[in-house]
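These notes concern the structure reproduced below.
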Protein chains: 2
Amino acid sequence: MATDTATSAPRETADDIREAAEAPAAPATIKGDYQPPAVDVPALTAILDGEYAEVRQLVRDNLVEHESILTDAEEMGFDEFRERVKEVVQELAATGQSAMGFPEEYGGAGDIGASIAAFETLALGDLSVLVKVGVQFGLFGGAVLQLGTKRHHDRYLEPLIKGELLGCFAMSEHGHGSNVQALETVATYDAEAGEFSISTTSEQGYKDWIGNAALHGEVAVVFAQLRVAGEDHGVHAFVVPIRVDGEAAPGVRIEDDGRKMGLNGVDNGKLWFDDARVPREALLNRFGDVDEDGVYSSPIESANRRFFTTIGTLVQGRVCVGGGGINAAKVAITIAVKYALRRRQFEATSEDVEDILLDYGQHQRRLLPLLARTYALHFAQEIVARETHDVFTGANTDEGDRRRLESRAAGTKALGTWHCTRTIQEGREACGGAGYLAANRFAALKADSDIFTTFEGDNTVLMQLVAKGLLTDYAGGFEDLDQLGMVRFVGGLAVETVVERTSVHKLFSALKDALPGGDAKWYEEAGLLDPDYQLAMLRFREEHMIGGVARRLKRGVDAGHNPGAVFSRAQDHVIGASHAHMERLVLEAFVDKVRSLPEGDERTALSLLCDLHALSVIESDRAWFMEHGRLTVQRSKAVTREVNALCRRIRPIAGELVDALAVPRAMLRADDLVGTD
Amino acid sequence: MATDTATSAPRETADDIREAAEAPAAPATIKGDYQPPAVDVPALTAILDGEYAEVRQLVRDNLVEHESILTDAEEMGFDEFRERVKEVVQELAATGQSAMGFPEEYGGAGDIGASIAAFETLALGDLSVLVKVGVQFGLFGGAVLQLGTKRHHDRYLEPLIKGELLGCFAMSEHGHGSNVQALETVATYDAEAGEFSISTTSEQGYKDWIGNAALHGEVAVVFAQLRVAGEDHGVHAFVVPIRVDGEAAPGVRIEDDGRKMGLNGVDNGKLWFDDARVPREALLNRFGDVDEDGVYSSPIESANRRFFTTIGTLVQGRVCVGGGGINAAKVAITIAVKYALRRRQFEATSEDVEDILLDYGQHQRRLLPLLARTYALHFAQEIVARETHDVFTGANTDEGDRRRLESRAAGTKALGTWHCTRTIQEGREACGGAGYLAANRFAALKADSDIFTTFEGDNTVLMQLVAKGLLTDYAGGFEDLDQLGMVRFVGGLAVETVVERTSVHKLFSALKDALPGGDAKWYEEAGLLDPDYQLAMLRFREEHMIGGVARRLKRGVDAGHNPGAVFSRAQDHVIGASHAHMERLVLEAFVDKVRSLPEGDERTALSLLCDLHALSVIESDRAWFMEHGRLTVQRSKAVTREVNALCRRIRPIAGELVDALAVPRAMLRADDLVGTD
């Protein structure tokens, strides 16, 4: 028997009938009564640009002025393009756009928020330029500024801000990318000479992937284990000349990393040190110093804590890369949506006129949730940038806030760069063969941005760092969180983060109280389009996963297993908890932004995008919500239907929504894809 | 209240306790009693290589001999590399490896299965070479062979097989990639001159992305609307000279498509025709001819059917691209697994030795399901290749089998190339910064293979083509399937496919009978590692989705909505049904292969991979299975745990499993990633 589905599973038929009743087949474009909001594009752009609208516009203008770099990237040879990118970086430096984060007395603007906004916006253009700017002003300049003291600032900041003195940030080694605490470059203090002797101490211990090293860098900030009078003091940074008149400096060997998948305008290289000598003053001594008598001192007693503080100052780089990824995604989604609004293929609804691609339900599904997520991440990034500004300008000196920022920056960088990779890939495929031509943007975007998920912290490792912060609150239960191997595991990159569990708890219960159905039934009775319901779902998941993973780890340790092995085995669960946490933060940022706006068409449009984003996130993990009793089968199917319905409601304003992202027309290239008008 | 999860959801705590009992924390590597199978690598390779082991080995040897092409791709300029690829293609042609599918009387081997095996294996090397081989011997040569008759074979086959006459396959137009029936190139018969006049008739109607067009092609098989005495006969193919002594032939204009994201060794170009003249005999006249008096005739009466027959002969190209994608994925997964077996990072389980990457649970999760899926797709492709051989050599003349093959080839191409994109991306990220260097393989693999998801049929359109076959059986219910717009929608690429619903039904009920619990409870009581259970799950999903989508479409049409709009709105559901169908076929192929082997360690190893593949597929869609009453919450969580456990069991043999894929060492390059031993 069982020749018919209904026989073995009567429930299925009932479902089908219900589905039929709820979703009568109708056109994939909405006609009828629905009136889409009348989006004012400049007004929406103003909401996106926020307080740094002027800075963003300055960078957009600079990008347009240098638009030829996009064709240079395609047409110039390897060596020529490296020189061209260097020139552009120096020309941009002359406009002041890359100095905004430096103190005014050295020629900067003293505005870290502005510097992040400028950097992010630069990601709309050629990404080799972006990354070289990041290396020079963010990493190299940032290290001198944050780890050095007045003597270093006086000597280096002005020429480096002007782009006259190009430098490197020599942290990663071939053997250790993520595990910074294990670096194998050693700086030994020679008390007699008053110098440090810097050496590479193992075969795998050379510096690798170092931007500006292969060609243009004259000095490098070198991270090395500090050894004074036979005693190790952990990782410190030193300013080391690596190139004099174009030749490698004494004690330094340089090799070119050669061609890469992308970013070929950046000259990455390898550095070996063999008794390279620098004076005592070359130590960037904000958090640790060696005096003339060879005595080590530090304002921070714990070596571990000192390491985290040193590394923690570099959080800005991570914030910038995350923002760069989100902005590169804007270019891809803009091209893909504009193409889908022009391109017709197949006569689906009429005999003789082919349908517009974006009128197909599947095409809406491919692109519109990515557009919604681009907006969501933009607003989430805005908060991280503002918090970075407040912490680094001293407007906020709360130690807990600083740690929360480090965690949040790590997670936002991971989400933003994964989104970038995914959006570019989907956008390319959605543009078919045209997307494959170098003359359009996808080829360069894809090749150049691919490494974003790895540099400034491998995304998977960063998500573990987020988890560490989340679990710290549970540490009491383990006697010592270090025992778990968590600190060792993420130690290299890590910062001591604290995310207070109680605050999630409080938020969650407050939200539940606001929802219909009371305590027991909130998740069954609230409307799917109620932002409080959406947030409550994500908060419930976060809280449940963190608690679950903490208990699981504790059980393993209590049972006497090797803590590192316990961690490794639970690793997917740990990373899942971090995702849950970050998704909650992103949705909160979007909901808060929408709520902060006055009633009107722009708010209505953003509200549609926010709903689409929230329900897409819930839909993609609806298995979990069902497994944990927070979605019934009927409601889970309703979420999917609602995602489709939101796509249809957003479809008529899709063009305005990508225009508001304000990618300059010249940065899209792709005349053929997006039109010349 | 509600300060504690347990208060609001007591069920959660019970779950946690159960989970704790079922999955005691233990190391992520298995010690204890588990004895992994002792895999004999050559024996496993022999199973993979199957009946064409010799052909595959010939190609591997040729690849190693031409290994310098991998560095050429990186170092040569744009123009030089195009010439170099042409040379290599001609050298390979001289070994006979690219002629295997042609008749013996013209210098071929008359073995289509061998030609597919040879092409697939070529994908382990440089992909520009692969694609240029595909253009010349598969598309151009295939069209002459399949659409032409003796006069064309006699004239063209020998020189083209030798690589002396290079040609193009000019089907795609700028305005129409997927919708071939709407092509805007027209061939008008001039009875007086006894010639066809070929012209591009619209601004968007020029031929585009045509391989060999920009530089090397002397002739092109041009697809155009045939017009005789004012009457249109649909799309036919013509051999048209496009280049004489290096200059465009009269009536032909050629432009270079220029640089692309990848595959820059292939000279893609655009072709315009303006009264280009060819003799009457230039028509490839197997399925339609014009006689001296200007009278059209065809052995196939229906114009629609003739079109499908014409296009259907080209299914081999799709089979080849799918196989190419699967084999390119082998390179990526091999490098990533080998790197993960060498690279150590972080001291997780010990104080002083860093752990091997592949011992981390998350890293196993990233790579091992992709390895399992690579095996699964390899065996699925083996079946498609065999069926192609049987149909095209005439060993199987069943019309239904031919249509099923066309559908299956389309779906396997889509799955294989999506898997390729995903595996290369995940592999690159899993190799960190090292994966980004051009000296390793990922950069080229990623850039070159990206277009595989688009050419030879856009994957999304192909999945609709699969759906069309699945729905044909339901067509009675709609009066006329054409009414749905389905035929129009996928018409261009389409072939008339039939997949008999009854056969799925029969398989499903036979399986259920074999499982414990009888009709009602099979899905709750069978073991997760029972292949019959796994297959029954995928068959249930397939059957349910096809039935559901058919009813949904019918409802919409019955309610009087525009059929095309009904289709568009249900499009994600339609494509979901195709996925369900294809995943069932892939798992069946893998299960059948395992069952066909004698007991022994290789069978045990493949059985582990097959389980991992099956449960990964179920896990990734576990929301659907819960929504449709086929997974309980507890069982869904058990699937996830079992996937993790299988990863741990496969971990000790991961090295042997990638070695058995037999990617020549020279094709991996990446000394730094995979070691020099």
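Chains: A, B, ... in order of the structure tokens. Residues: from 1 per chain. Ligands: from 1, in order shown.
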
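Across region 140-188 of chain B, DSSP run on the backbone finds strand (DSSP E) at B:Gly167, B:Cys168, B:Phe169, B:Ala170, B:Thr185, B:Val186, B:Ala187, B:Thr188.
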
Close residues, Asp72 (chain B) itself excluded, 9 Å, only C-alpha atoms, min 5 positions apart in chain, as a PyMOL selection string: chain B and resi 77+81+84

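One distance worth recording is that between CA of Ala94 (chain B) and CA of Lys162 (chain B), which is 6.5 Å.
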
For Gly175 (chain B), please output as a VMD selection string all residues within 12 Å (counting only C-alpha atoms; exclusion window: fewer than 3 positions along the same chain). (chain A and resid 342 to 346 354 432 to 434 672 to 673) or (chain B and resid 171 to 172 178 to 185 200 to 209)

Restricting to only C-alpha atoms, whichever of A:Thr423, A:Gln464, A:Thr454, A:Thr334 is closest to Ser568 (chain A) is A:Gln464
